[in-house]
Every structure is written in structure tokens, then in C-alpha cells.
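Coordinates as given in upload.pdb (PDB, C-alpha atoms and all ligand atoms):
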ATOM      1  CA  MET U   1     132.338 116.790 130.877  1.00  0.00           C
ATOM      2  CA  THR U   2     134.768 114.922 133.126  1.00  0.00           C
ATOM      3  CA  VAL U   3     133.804 111.317 133.805  1.00  0.00           C
ATOM      4  CA  VAL U   4     134.068 110.452 137.503  1.00  0.00           C
ATOM      5  CA  ALA U   5     132.808 106.870 137.456  1.00  0.00           C
ATOM      6  CA  GLN U   6     132.130 104.524 134.587  1.00  0.00           C
ATOM      7  CA  LEU U   7     130.752 100.998 134.648  1.00  0.00           C
ATOM      8  CA  THR U   8     131.119  98.938 131.501  1.00  0.00           C
ATOM      9  CA  GLN U   9     129.185  95.672 131.172  1.00  0.00           C
ATOM     10  CA  VAL U  10     129.339  95.091 134.923  1.00  0.00           C
ATOM     11  CA  SER U  11     127.773  91.894 136.254  1.00  0.00           C
ATOM     12  CA  LYS U  12     127.522  90.800 139.870  1.00  0.00           C
ATOM     13  CA  SER U  13     126.017  87.737 141.474  1.00  0.00           C
ATOM     14  CA  PHE U  14     126.161  86.201 144.942  1.00  0.00           C
ATOM     15  CA  ARG U  15     126.266  82.566 145.949  1.00  0.00           C
ATOM     16  CA  ASP U  16     122.957  81.421 147.433  1.00  0.00           C
ATOM     17  CA  GLY U  17     123.502  77.851 148.636  1.00  0.00           C
ATOM     18  CA  GLU U  18     124.109  75.753 145.523  1.00  0.00           C
ATOM     19  CA  LEU U  19     122.809  78.490 143.242  1.00  0.00           C
ATOM     20  CA  ARG U  20     124.104  81.877 142.191  1.00  0.00           C
ATOM     21  CA  HIS U  21     121.775  84.816 142.606  1.00  0.00           C
ATOM     22  CA  SER U  22     122.343  87.385 139.863  1.00  0.00           C
ATOM     23  CA  VAL U  23     122.055  91.017 141.027  1.00  0.00           C
ATOM     24  CA  LEU U  24     123.476  93.102 138.138  1.00  0.00           C
ATOM     25  CA  GLN U  25     123.593  91.994 134.516  1.00  0.00           C
ATOM     26  CA  ALA U  26     125.949  93.708 132.067  1.00  0.00           C
ATOM     27  CA  VAL U  27     125.252  97.195 133.409  1.00  0.00           C
ATOM     28  CA  ASP U  28     126.671 100.274 131.605  1.00  0.00           C
ATOM     29  CA  LEU U  29     126.632 103.542 133.554  1.00  0.00           C
ATOM     30  CA  THR U  30     128.489 106.860 133.449  1.00  0.00           C
ATOM     31  CA  LEU U  31     128.620 109.485 136.185  1.00  0.00           C
ATOM     32  CA  HIS U  32     130.014 112.923 135.308  1.00  0.00           C
ATOM     33  CA  ALA U  33     131.554 115.582 137.548  1.00  0.00           C
ATOM     34  CA  GLY U  34     128.887 117.538 139.390  1.00  0.00           C
ATOM     35  CA  GLU U  35     126.073 115.230 138.297  1.00  0.00           C
ATOM     36  CA  THR U  36     123.462 114.254 140.891  1.00  0.00           C
ATOM     37  CA  ILE U  37     121.641 110.955 140.530  1.00  0.00           C
ATOM     38  CA  ALA U  38     118.859 109.298 142.490  1.00  0.00           C
ATOM     39  CA  LEU U  39     119.262 105.518 142.557  1.00  0.00           C
ATOM     40  CA  THR U  40     115.874 103.884 142.986  1.00  0.00           C
ATOM     41  CA  GLY U  41     114.503 100.359 142.768  1.00  0.00           C
ATOM     42  CA  PRO U  42     112.739  97.780 144.920  1.00  0.00           C
ATOM     43  CA  SER U  43     114.290  96.381 148.087  1.00  0.00           C
ATOM     44  CA  GLY U  44     116.805  93.700 147.150  1.00  0.00           C
ATOM     45  CA  SER U  45     117.256  95.005 143.583  1.00  0.00           C
ATOM     46  CA  GLY U  46     120.966  95.692 144.162  1.00  0.00           C
ATOM     47  CA  LYS U  47     121.221  99.409 145.008  1.00  0.00           C
ATOM     48  CA  SER U  48     123.625  98.947 147.922  1.00  0.00           C
ATOM     49  CA  THR U  49     125.533  96.368 145.860  1.00  0.00           C
ATOM     50  CA  LEU U  50     126.009  98.950 143.099  1.00  0.00           C
ATOM     51  CA  LEU U  51     127.378 101.494 145.601  1.00  0.00           C
ATOM     52  CA  ASN U  52     129.649  98.823 147.123  1.00  0.00           C
ATOM     53  CA  LEU U  53     131.032  97.996 143.670  1.00  0.00           C
ATOM     54  CA  ILE U  54     131.814 101.654 142.921  1.00  0.00           C
ATOM     55  CA  ALA U  55     133.436 102.088 146.356  1.00  0.00           C
ATOM     56  CA  GLY U  56     135.489  98.914 145.798  1.00  0.00           C
ATOM     57  CA  PHE U  57     133.999  97.060 148.783  1.00  0.00           C
ATOM     58  CA  GLU U  58     132.757  94.424 146.314  1.00  0.00           C
ATOM     59  CA  LYS U  59     134.374  93.319 143.045  1.00  0.00           C
ATOM     60  CA  PRO U  60     132.436  92.756 139.812  1.00  0.00           C
ATOM     61  CA  ASP U  61     132.253  89.195 138.426  1.00  0.00           C
ATOM     62  CA  GLN U  62     132.566  90.630 134.939  1.00  0.00           C
ATOM     63  CA  GLY U  63     133.019  94.035 133.355  1.00  0.00           C
ATOM     64  CA  GLN U  64     135.058  97.080 134.248  1.00  0.00           C
ATOM     65  CA  ILE U  65     134.738  99.948 136.687  1.00  0.00           C
ATOM     66  CA  SER U  66     136.779 103.096 136.104  1.00  0.00           C
ATOM     67  CA  LEU U  67     137.119 105.890 138.644  1.00  0.00           C
ATOM     68  CA  ASN U  68     138.601 109.249 137.672  1.00  0.00           C
ATOM     69  CA  GLN U  69     139.185 107.623 134.278  1.00  0.00           C
ATOM     70  CA  GLN U  70     141.447 104.900 135.657  1.00  0.00           C
ATOM     71  CA  PRO U  71     140.464 101.217 135.395  1.00  0.00           C
ATOM     72  CA  THR U  72     140.168 100.001 138.992  1.00  0.00           C
ATOM     73  CA  HIS U  73     140.792  96.299 138.348  1.00  0.00           C
ATOM     74  CA  GLU U  74     144.516  97.084 138.459  1.00  0.00           C
ATOM     75  CA  TRP U  75     144.292  98.934 141.771  1.00  0.00           C
ATOM     76  CA  GLN U  76     145.991  97.450 144.832  1.00  0.00           C
ATOM     77  CA  ASP U  77     144.657  98.034 148.364  1.00  0.00           C
ATOM     78  CA  ALA U  78     146.862 101.111 148.835  1.00  0.00           C
ATOM     79  CA  HIS U  79     145.418 102.733 145.720  1.00  0.00           C
ATOM     80  CA  TRP U  80     141.855 102.048 146.900  1.00  0.00           C
ATOM     81  CA  SER U  81     142.663 103.537 150.319  1.00  0.00           C
ATOM     82  CA  GLN U  82     144.082 106.647 148.726  1.00  0.00           C
ATOM     83  CA  PHE U  83     141.042 107.075 146.462  1.00  0.00           C
ATOM     84  CA  ARG U  84     138.612 106.601 149.360  1.00  0.00           C
ATOM     85  CA  ARG U  85     140.544 108.914 151.651  1.00  0.00           C
ATOM     86  CA  GLN U  86     140.853 111.774 149.152  1.00  0.00           C
ATOM     87  CA  SER U  87     138.013 111.538 146.673  1.00  0.00           C
ATOM     88  CA  LEU U  88     135.173 109.508 148.138  1.00  0.00           C
ATOM     89  CA  GLY U  89     132.490 110.179 150.721  1.00  0.00           C
ATOM     90  CA  VAL U  90     130.171 107.325 151.718  1.00  0.00           C
ATOM     91  CA  VAL U  91     127.007 107.463 153.782  1.00  0.00           C
ATOM     92  CA  PHE U  92     126.332 103.804 154.591  1.00  0.00           C
ATOM     93  CA  GLN U  93     122.830 102.399 154.998  1.00  0.00           C
ATOM     94  CA  GLN U  94     123.782 101.405 158.574  1.00  0.00           C
ATOM     95  CA  PHE U  95     125.836 104.615 159.187  1.00  0.00           C
ATOM     96  CA  ASN U  96     129.043 102.739 160.313  1.00  0.00           C
ATOM     97  CA  LEU U  97     130.070 105.489 162.746  1.00  0.00           C
ATOM     98  CA  LEU U  98     133.154 105.059 164.899  1.00  0.00           C
ATOM     99  CA  THR U  99     131.428 104.311 168.195  1.00  0.00           C
ATOM    100  CA  PRO U 100     134.280 104.965 170.619  1.00  0.00           C
ATOM    101  CA  LEU U 101     134.498 108.552 169.275  1.00  0.00           C
ATOM    102  CA  ASN U 102     132.331 111.586 169.867  1.00  0.00           C
ATOM    103  CA  VAL U 103     130.483 113.477 167.122  1.00  0.00           C
ATOM    104  CA  LYS U 104     133.253 115.975 166.413  1.00  0.00           C
ATOM    105  CA  ASN U 105     135.944 113.313 166.114  1.00  0.00           C
ATOM    106  CA  ASN U 106     133.769 111.225 163.815  1.00  0.00           C
ATOM    107  CA  ILE U 107     133.368 114.212 161.496  1.00  0.00           C
ATOM    108  CA  ALA U 108     137.079 115.074 161.718  1.00  0.00           C
ATOM    109  CA  PHE U 109     138.175 111.511 160.973  1.00  0.00           C
ATOM    110  CA  PRO U 110     138.432 111.798 157.141  1.00  0.00           C
ATOM    111  CA  LEU U 111     140.263 115.097 157.539  1.00  0.00           C
ATOM    112  CA  GLN U 112     142.852 113.547 159.807  1.00  0.00           C
ATOM    113  CA  LEU U 113     143.430 110.767 157.260  1.00  0.00           C
ATOM    114  CA  ASN U 114     144.249 113.515 154.759  1.00  0.00           C
ATOM    115  CA  GLY U 115     146.506 115.420 157.178  1.00  0.00           C
ATOM    116  CA  LYS U 116     143.948 118.245 157.463  1.00  0.00           C
ATOM    117  CA  THR U 117     142.221 119.873 160.395  1.00  0.00           C
ATOM    118  CA  TRP U 118     138.759 121.167 161.253  1.00  0.00           C
ATOM    119  CA  SER U 119     137.771 123.985 158.852  1.00  0.00           C
ATOM    120  CA  GLU U 120     135.085 126.631 158.384  1.00  0.00           C
ATOM    121  CA  TRP U 121     133.434 124.189 156.015  1.00  0.00           C
ATOM    122  CA  CYS U 122     133.061 121.742 158.941  1.00  0.00           C
ATOM    123  CA  ASP U 123     131.441 124.472 161.047  1.00  0.00           C
ATOM    124  CA  TYR U 124     129.078 125.144 158.167  1.00  0.00           C
ATOM    125  CA  LEU U 125     128.193 121.451 157.835  1.00  0.00           C
ATOM    126  CA  VAL U 126     127.602 121.126 161.565  1.00  0.00           C
ATOM    127  CA  GLU U 127     125.336 124.173 161.541  1.00  0.00           C
ATOM    128  CA  LYS U 128     123.385 123.057 158.442  1.00  0.00           C
ATOM    129  CA  LEU U 129     122.902 119.582 159.890  1.00  0.00           C
ATOM    130  CA  GLY U 130     121.885 120.886 163.329  1.00  0.00           C
ATOM    131  CA  LEU U 131     124.728 119.139 165.150  1.00  0.00           C
ATOM    132  CA  GLU U 132     126.208 122.113 167.093  1.00  0.00           C
ATOM    133  CA  ALA U 133     124.773 121.099 170.450  1.00  0.00           C
ATOM    134  CA  MET U 134     125.997 117.509 170.298  1.00  0.00           C
ATOM    135  CA  LEU U 135     129.597 117.778 169.065  1.00  0.00           C
ATOM    136  CA  HIS U 136     131.012 116.354 172.296  1.00  0.00           C
ATOM    137  CA  ARG U 137     128.482 113.588 172.773  1.00  0.00           C
ATOM    138  CA  SER U 138     129.356 109.978 172.105  1.00  0.00           C
ATOM    139  CA  VAL U 139     127.739 108.839 168.863  1.00  0.00           C
ATOM    140  CA  GLU U 140     126.419 105.704 170.587  1.00  0.00           C
ATOM    141  CA  ALA U 141     124.117 107.857 172.696  1.00  0.00           C
ATOM    142  CA  LEU U 142     122.458 109.532 169.694  1.00  0.00           C
ATOM    143  CA  SER U 143     119.135 108.752 168.039  1.00  0.00           C
ATOM    144  CA  GLY U 144     119.026 107.148 164.576  1.00  0.00           C
ATOM    145  CA  GLY U 145     118.330 110.488 162.861  1.00  0.00           C
ATOM    146  CA  GLN U 146     121.122 112.220 164.783  1.00  0.00           C
ATOM    147  CA  GLN U 147     123.572 109.439 163.863  1.00  0.00           C
ATOM    148  CA  GLN U 148     122.509 109.742 160.242  1.00  0.00           C
ATOM    149  CA  ARG U 149     123.292 113.472 160.247  1.00  0.00           C
ATOM    150  CA  VAL U 150     126.738 112.771 161.736  1.00  0.00           C
ATOM    151  CA  ALA U 151     127.331 110.188 158.983  1.00  0.00           C
ATOM    152  CA  ILE U 152     126.437 112.810 156.358  1.00  0.00           C
ATOM    153  CA  ALA U 153     128.778 115.405 157.911  1.00  0.00           C
ATOM    154  CA  ARG U 154     131.586 112.834 158.052  1.00  0.00           C
ATOM    155  CA  ALA U 155     131.081 111.916 154.385  1.00  0.00           C
ATOM    156  CA  LEU U 156     131.257 115.569 153.322  1.00  0.00           C
ATOM    157  CA  ALA U 157     133.968 116.921 155.660  1.00  0.00           C
ATOM    158  CA  HIS U 158     136.776 116.515 153.100  1.00  0.00           C
ATOM    159  CA  LYS U 159     134.643 117.757 150.164  1.00  0.00           C
ATOM    160  CA  PRO U 160     134.852 114.510 148.209  1.00  0.00           C
ATOM    161  CA  SER U 161     134.561 114.582 144.422  1.00  0.00           C
ATOM    162  CA  LEU U 162     132.201 111.583 144.621  1.00  0.00           C
ATOM    163  CA  LEU U 163     129.530 111.012 147.240  1.00  0.00           C
ATOM    164  CA  LEU U 164     127.779 107.650 147.515  1.00  0.00           C
ATOM    165  CA  ALA U 165     124.853 107.887 149.908  1.00  0.00           C
ATOM    166  CA  ASP U 166     122.590 104.967 150.823  1.00  0.00           C
ATOM    167  CA  GLU U 167     119.187 106.343 151.864  1.00  0.00           C
ATOM    168  CA  PRO U 168     120.813 109.311 153.647  1.00  0.00           C
ATOM    169  CA  THR U 169     117.469 110.730 154.756  1.00  0.00           C
ATOM    170  CA  GLY U 170     115.777 107.445 155.652  1.00  0.00           C
ATOM    171  CA  ASN U 171     115.786 108.266 159.381  1.00  0.00           C
ATOM    172  CA  LEU U 172     115.095 111.995 159.133  1.00  0.00           C
ATOM    173  CA  ASP U 173     111.904 114.002 159.496  1.00  0.00           C
ATOM    174  CA  ASP U 174     110.627 115.953 156.455  1.00  0.00           C
ATOM    175  CA  VAL U 175     112.264 119.245 157.416  1.00  0.00           C
ATOM    176  CA  SER U 176     115.708 117.759 158.165  1.00  0.00           C
ATOM    177  CA  GLY U 177     115.440 115.607 155.044  1.00  0.00           C
ATOM    178  CA  LYS U 178     114.871 118.673 152.863  1.00  0.00           C
ATOM    179  CA  GLN U 179     117.768 120.496 154.555  1.00  0.00           C
ATOM    180  CA  VAL U 180     120.056 117.575 153.758  1.00  0.00           C
ATOM    181  CA  MET U 181     118.854 117.566 150.148  1.00  0.00           C
ATOM    182  CA  SER U 182     119.582 121.282 149.696  1.00  0.00           C
ATOM    183  CA  LEU U 183     122.992 120.818 151.315  1.00  0.00           C
ATOM    184  CA  LEU U 184     123.808 118.025 148.847  1.00  0.00           C
ATOM    185  CA  CYS U 185     122.636 120.104 145.874  1.00  0.00           C
ATOM    186  CA  GLU U 186     124.674 123.086 147.070  1.00  0.00           C
ATOM    187  CA  LEU U 187     127.772 120.925 147.381  1.00  0.00           C
ATOM    188  CA  ALA U 188     127.294 119.399 143.925  1.00  0.00           C
ATOM    189  CA  LYS U 189     127.002 122.856 142.421  1.00  0.00           C
ATOM    190  CA  GLU U 190     129.805 124.609 144.269  1.00  0.00           C
ATOM    191  CA  SER U 191     132.400 121.835 144.563  1.00  0.00           C
ATOM    192  CA  LYS U 192     131.373 119.810 141.483  1.00  0.00           C
ATOM    193  CA  THR U 193     130.802 116.816 143.757  1.00  0.00           C
ATOM    194  CA  SER U 194     129.034 113.991 141.921  1.00  0.00           C
ATOM    195  CA  ILE U 195     126.289 112.392 143.958  1.00  0.00           C
ATOM    196  CA  LEU U 196     124.790 108.935 143.661  1.00  0.00           C
ATOM    197  CA  MET U 197     122.045 108.674 146.249  1.00  0.00           C
ATOM    198  CA  VAL U 198     119.819 105.720 146.999  1.00  0.00           C
ATOM    199  CA  THR U 199     116.339 106.781 147.978  1.00  0.00           C
ATOM    200  CA  HIS U 200     112.848 105.354 148.278  1.00  0.00           C
ATOM    201  CA  SER U 201     111.387 108.861 148.459  1.00  0.00           C
ATOM    202  CA  GLU U 202     110.017 110.529 145.320  1.00  0.00           C
ATOM    203  CA  GLU U 203     110.438 113.898 146.989  1.00  0.00           C
ATOM    204  CA  CYS U 204     114.164 113.296 147.622  1.00  0.00           C
ATOM    205  CA  ALA U 205     114.686 111.835 144.148  1.00  0.00           C
ATOM    206  CA  ALA U 206     113.242 115.044 142.677  1.00  0.00           C
ATOM    207  CA  PHE U 207     116.175 117.030 144.114  1.00  0.00           C
ATOM    208  CA  MET U 208     118.603 115.087 141.908  1.00  0.00           C
ATOM    209  CA  GLN U 209     119.145 115.821 138.189  1.00  0.00           C
ATOM    210  CA  LYS U 210     118.797 112.261 136.929  1.00  0.00           C
ATOM    211  CA  ARG U 211     117.497 108.907 137.984  1.00  0.00           C
ATOM    212  CA  TRP U 212     118.897 105.403 137.640  1.00  0.00           C
ATOM    213  CA  HIS U 213     116.177 102.846 138.314  1.00  0.00           C
ATOM    214  CA  LEU U 214     117.348  99.328 139.086  1.00  0.00           C
ATOM    215  CA  SER U 215     115.176  96.295 138.536  1.00  0.00           C
ATOM    216  CA  HIS U 216     115.797  92.695 137.480  1.00  0.00           C
ATOM    217  CA  GLY U 217     119.524  93.322 137.161  1.00  0.00           C
ATOM    218  CA  ASN U 218     119.201  96.209 134.729  1.00  0.00           C
ATOM    219  CA  VAL U 219     119.309  99.982 135.112  1.00  0.00           C
ATOM    220  CA  ALA U 220     116.894 102.318 133.346  1.00  0.00           C
ATOM    221  CA  ILE U 221     118.214 105.881 132.999  1.00  0.00           C
ATOM    222  CA  TYR U 222     115.872 108.889 133.197  1.00  0.00           C
ATOM    223  CA  GLY U 223     116.475 112.641 132.933  1.00  0.00           C
TER     224      GLY U 223
HETATM  225  N1  LIG Q 301     127.546  90.101 150.582  1.00  0.00           N
HETATM  226  C1  LIG Q 301     126.479  89.458 150.103  1.00  0.00           C
HETATM  227  N2  LIG Q 301     126.393  88.093 150.102  1.00  0.00           N
HETATM  228  C2  LIG Q 301     125.332  87.470 149.579  1.00  0.00           C
HETATM  229  N3  LIG Q 301     124.272  88.099 149.026  1.00  0.00           N
HETATM  230  C3  LIG Q 301     124.291  89.433 149.007  1.00  0.00           C
HETATM  231  C4  LIG Q 301     125.381  90.205 149.543  1.00  0.00           C
HETATM  232  N4  LIG Q 301     125.121  91.521 149.360  1.00  0.00           N
HETATM  233  C5  LIG Q 301     123.923  91.571 148.761  1.00  0.00           C
HETATM  234  N5  LIG Q 301     123.423  90.340 148.543  1.00  0.00           N
HETATM  235  C6  LIG Q 301     122.143  90.026 147.882  1.00  0.00           C
HETATM  236  O1  LIG Q 301     122.041  90.830 146.725  1.00  0.00           O
HETATM  237  C7  LIG Q 301     120.701  91.310 146.548  1.00  0.00           C
HETATM  238  C8  LIG Q 301     120.718  92.805 146.469  1.00  0.00           C
HETATM  239  O2  LIG Q 301     121.046  93.315 147.756  1.00  0.00           O
HETATM  240  P1  LIG Q 301     121.221  94.874 148.028  1.00  0.00           P
HETATM  241  O3  LIG Q 301     121.576  95.013 149.466  1.00  0.00           O
HETATM  242  O4  LIG Q 301     122.155  95.439 147.027  1.00  0.00           O
HETATM  243  O5  LIG Q 301     119.744  95.413 147.735  1.00  0.00           O
HETATM  244  P2  LIG Q 301     119.136  96.880 147.909  1.00  0.00           P
HETATM  245  O6  LIG Q 301     118.547  97.278 146.585  1.00  0.00           O
HETATM  246  O7  LIG Q 301     120.161  97.774 148.495  1.00  0.00           O
HETATM  247  O8  LIG Q 301     117.949  96.626 148.945  1.00  0.00           O
HETATM  248  P3  LIG Q 301     117.364  97.573 150.123  1.00  0.00           P
HETATM  249  O9  LIG Q 301     116.500  98.622 149.436  1.00  0.00           O
HETATM  250  O10 LIG Q 301     116.546  96.624 150.935  1.00  0.00           O
HETATM  251  O11 LIG Q 301     118.502  98.154 150.882  1.00  0.00           O
HETATM  252  C9  LIG Q 301     119.900  90.737 147.725  1.00  0.00           C
HETATM  253  O12 LIG Q 301     119.235  89.590 147.278  1.00  0.00           O
HETATM  254  C10 LIG Q 301     120.948  90.393 148.752  1.00  0.00           C
HETATM  255  O13 LIG Q 301     120.562  89.283 149.527  1.00  0.00           O
HETATM  256 MG    MG Q 302     120.349  98.681 150.343  1.00  0.00          MG
END
Turn this file's structure into C-alpha cells for me.
Amino acid sequence: MTVVAQLTQVSKSFRDGELRHSVLQAVDLTLHAGETIALTGPSGSGKSTLLNLIAGFEKPDQGQISLNQQPTHEWQDAHWSQFRRQSLGVVFQQFNLLTPLNVKNNIAFPLQLNGKTWSEWCDYLVEKLGLEAMLHRSVEALSGGQQQRVAIARALAHKPSLLLADEPTGNLDDVSGKQVMSLLCELAKESKTSILMVTHSEECAAFMQKRWHLSHGNVAIYG
């Protein structure tokens, strides 16, 4: 099976005044094409940090991260931009939508970066996520759950090979949450998108094939 992301002996700590606060300690992880993984662990255990390391927004103190079987420590900014633009979808914990833009232009943004235009797939996403009626509204005017659904559509618009999603259903009701989960599973199956999804919900975690549980700097692998 093709390896999409691999972490080898990755350690990460942050400065905390005079001290250093260790978040990840010599973590080894492998994510294959089409694999879906629920990332769980207590608040502050380093789940968002792990996603940020894989997306290249943070750098490891030690160890190696490979993406699409290439060691990323040699990548320059341009290489990271290209990888993110073409292969990566991210649903951030705080959504990070482009507030001057409306819903449709937020979703179309990753397509434009790739020189592509709105497709049938985008219509499908919009329908599945219940966003049809709000395509021309400014994202600032939307509720938290509506913004979260826009963030999910934006992350999936270019059919990324790797999706990193930080509590993507945290602001959704049960029904919308389940719809998002089936959409993610469908995408993983049909497009071989690998999914690493942070969740605090057992029900959402159950939709994924495997679980990585983070605590005290280490990851336990289940499934
Ligand atoms: N940029 C940063 N600078 C300093 N400390 C940081 C930074 N990012 C994360 N941390 C620290 O690393 C630890 C892990 O944070 P992280 O956000 O990864 O946790 P989390 O598991 O995502 O928590 P939550 O479930 O609350 O979102 C925390 O103690 C946090 O304060
Ligand atoms: Mg977090």
C-alpha cells in the first residue's frame, strides 16, 4: 500500500518560560493511501500539533516527516506550497475561512490556486453539506456550524490525497455530523483520500478504520 505520510522518531516541544514543554516524544506513525484514522486524546495532548507538523506549519525538533515518500526536511517554501495546494486539505480547529469572501468563493479558492474551476464535485459537496442556500452569503455572517461546513467543503474541493481535519464536526448537530462522516468515508473510498481526523466523539471515531490515541507524548495505535 502506498505510504502518504510517515513520521519517524518525531519529537516536538514548545518553550514555556524558562522550561521546555514536551508534546511529542519519538513518535513513529505511518498513514497509507485511503486509510482513515481518528486522532483522539485529552485536550492539550498535542493533536493539533501533530496535524500542524504533518501540514508543515510546525517543524519537528527531532525526527523525520515524509510526505508522498519524500523527506520534507529538504523542502523549501515553494515545495510546501505546491504540496498544500495540490495534495492537502485542512479543516482547521478555528476554520480559518477567508472572511472578505462569500461561501462560494471560499470553496472555490483551492481550485483557483490549482488553475481549476467549479466542478460537479463542488455542486455535490455543497448539496451534501447543505450549503446551497448560502453560497452568496459572506462567511462572516454565518453560524459556527455553517462556517464549519464551508471549511469542510473548501478542504475537499480539490479532492486532496490527504485530509487533515481538526474536530470537523465539533460545531455540528448529530444529523449534520453523521452526514459529514459519511461524506468523508465516501471520499476516502472513491478517491483514496487518506484522512486523519481529530475528534472527541466516540461516534465519529467509529466511522474511521483506525485510531491513534495521543497521551503523554506517545501515540497508541488501535485497529
Ligand atoms: N505554538 C505554540 N507555542 C507554544 N505552545 C504551544 C504551541 N502550540 C501548542 N502548544 C502547546 O502544546 C500542547 C499541545 O497543544 P495542542 O493544541 O496540540 O493540543 P490538542 O491536543 O490539540 O488540544 P485540544 O483538544 O484542546 O485542541 C499544549 O500544551 C499547548 O499549549
Ligand atoms: Mg487542538
Query raised in the report: Which is closest to Leu187 (chain U) among U:His32, U:Arg154, U:Lys159, U:Arg149, if we use only C-alpha atoms?
Result: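 Using only C-alpha atoms, the shortest distance to Leu187 (chain U) belongs to U:Lys159.
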**Report entry** Within 12 Å of Phe14 (chain U) using all atoms listed in the file, minus same-chain residues under 5 positions, as number ranges by chain
**Finding:** U: 19-24, 46, 49, 58-61
**Report entry** Chain and number of each residue from the PyMOL selection byres (((not hetatm)) within 10 of (chain Q and resi 302)), as a list in words
**Finding:**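 The output of the PyMOL selection byres (((not hetatm)) within 10 of (chain Q and resi 302)) on this file is Gly41, Pro42, Ser43, Gly44, Ser45, Gly46, Lys47, Ser48, Thr49, Leu50, Leu51, Asn52, Phe92, Gln93, Gln94, Asp166, Glu167, Val198 and Thr199 of chain U.
Of the listed residues U:Gly34, U:Phe57, U:Ala133, U:Ser138, the one whose atoms come nearest to ligand LIG 301 (chain Q) is U:Phe57, with distances taken using only C-alpha atoms and all ligand atoms.
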Query raised in the report: Evaluating the PyMOL selection byres (((chain U and resi 169) around 9) and not hetatm) on the displayed file yields which residues, as a PyMOL selection string?
Result: chain U and resi 145+148-149+166-168+170-174+176-178+180-181+199+201+204
Report task. Can you pull out every residue within 12 Å of Gln6 (chain U), counting only C-alpha atoms, but drop anything in the same chain fewer than 5 positions away, and send it as a PyMOL selection string? Result -> chain U and resi 27-33+50+53-54+63-72
**Report entry** Picked residues, the PyMOL selection byres (((chain U and resi 221) around 8) and not hetatm), as a count of residues only
**Finding:** 8
Query - Residue nearest Cys185 (chain U) - candidates U:Gln9, U:Arg137, U:Val126, U:Glu35, atoms counted: all atoms listed in the file - result: U:Glu35
Query raised in the report: In Å, how far is it from CA of Leu164 (chain U) to CA of Val90 (chain U)?
Result: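 Answer for the CA of Leu164 (chain U) to CA of Val90 (chain U) separation: 4.8 Å.
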Requested in this report: List every protein, DNA or RNA residue that has an atom no more than 9 Å from (142.5, 109.8, 156.3) in the file's coordinate frame, counting only C-alpha atoms, and report them as a list in words.
Outcome: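 Those residues, ordered by chain and then number, are Ser81, Gln82, Arg84, Arg85, Gln86, Phe109, Pro110, Leu111, Gln112, Leu113, Asn114, Gly115 and Lys116 of chain U.
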Report summary line: Using all atoms listed in the file, the best pick from U:Glu132, U:Glu190, U:Asp123, U:Glu140 as closest to Leu98 (chain U) would be U:Glu140
Around (125.6, 107.8, 172.8) in the file's frame, which residues reach within 10 Å when counting only C-alpha atoms? Return as a PDB file with C-alpha atoms, in the coordinates of the input?
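selection_9.pdb, written as the output of this step:
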ATOM      1  CA  THR U  99     131.428 104.311 168.195  1.00  0.00           C
ATOM      2  CA  PRO U 100     134.280 104.965 170.619  1.00  0.00           C
ATOM      3  CA  LEU U 101     134.498 108.552 169.275  1.00  0.00           C
ATOM      4  CA  ASN U 102     132.331 111.586 169.867  1.00  0.00           C
ATOM      5  CA  VAL U 103     130.483 113.477 167.122  1.00  0.00           C
ATOM      6  CA  ARG U 137     128.482 113.588 172.773  1.00  0.00           C
ATOM      7  CA  SER U 138     129.356 109.978 172.105  1.00  0.00           C
ATOM      8  CA  VAL U 139     127.739 108.839 168.863  1.00  0.00           C
ATOM      9  CA  GLU U 140     126.419 105.704 170.587  1.00  0.00           C
ATOM     10  CA  ALA U 141     124.117 107.857 172.696  1.00  0.00           C
ATOM     11  CA  LEU U 142     122.458 109.532 169.694  1.00  0.00           C
ATOM     12  CA  SER U 143     119.135 108.752 168.039  1.00  0.00           C
ATOM     13  CA  GLN U 147     123.572 109.439 163.863  1.00  0.00           C
TER      14      GLN U 147
END
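Minimum distance to ligand LIG 301 (chain Q) across U:Ser13, U:Ser119, U:Gln25, U:Thr8 (counting all atoms listed in the file) occurs at U:Ser13.
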Query raised in the report: Between CA of Ala55 (chain U) and CA of Trp80 (chain U), what is the spacing in Å?
Result: 8.4 Å
For region 172-187 of chain U, take all atoms listed in the file, fit an axis-aligned box around them, add 4 Å to each of the six sides, then output centre and edge lengths in Å rounded to one decimal, as JSON.
{"center_x": 119.2, "center_y": 117.5, "center_z": 152.7, "size_x": 25.1, "size_y": 19.1, "size_z": 21.6}
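Take CA of Leu125 (chain U) and CA of Ile152 (chain U): the distance between them is 8.9 Å.
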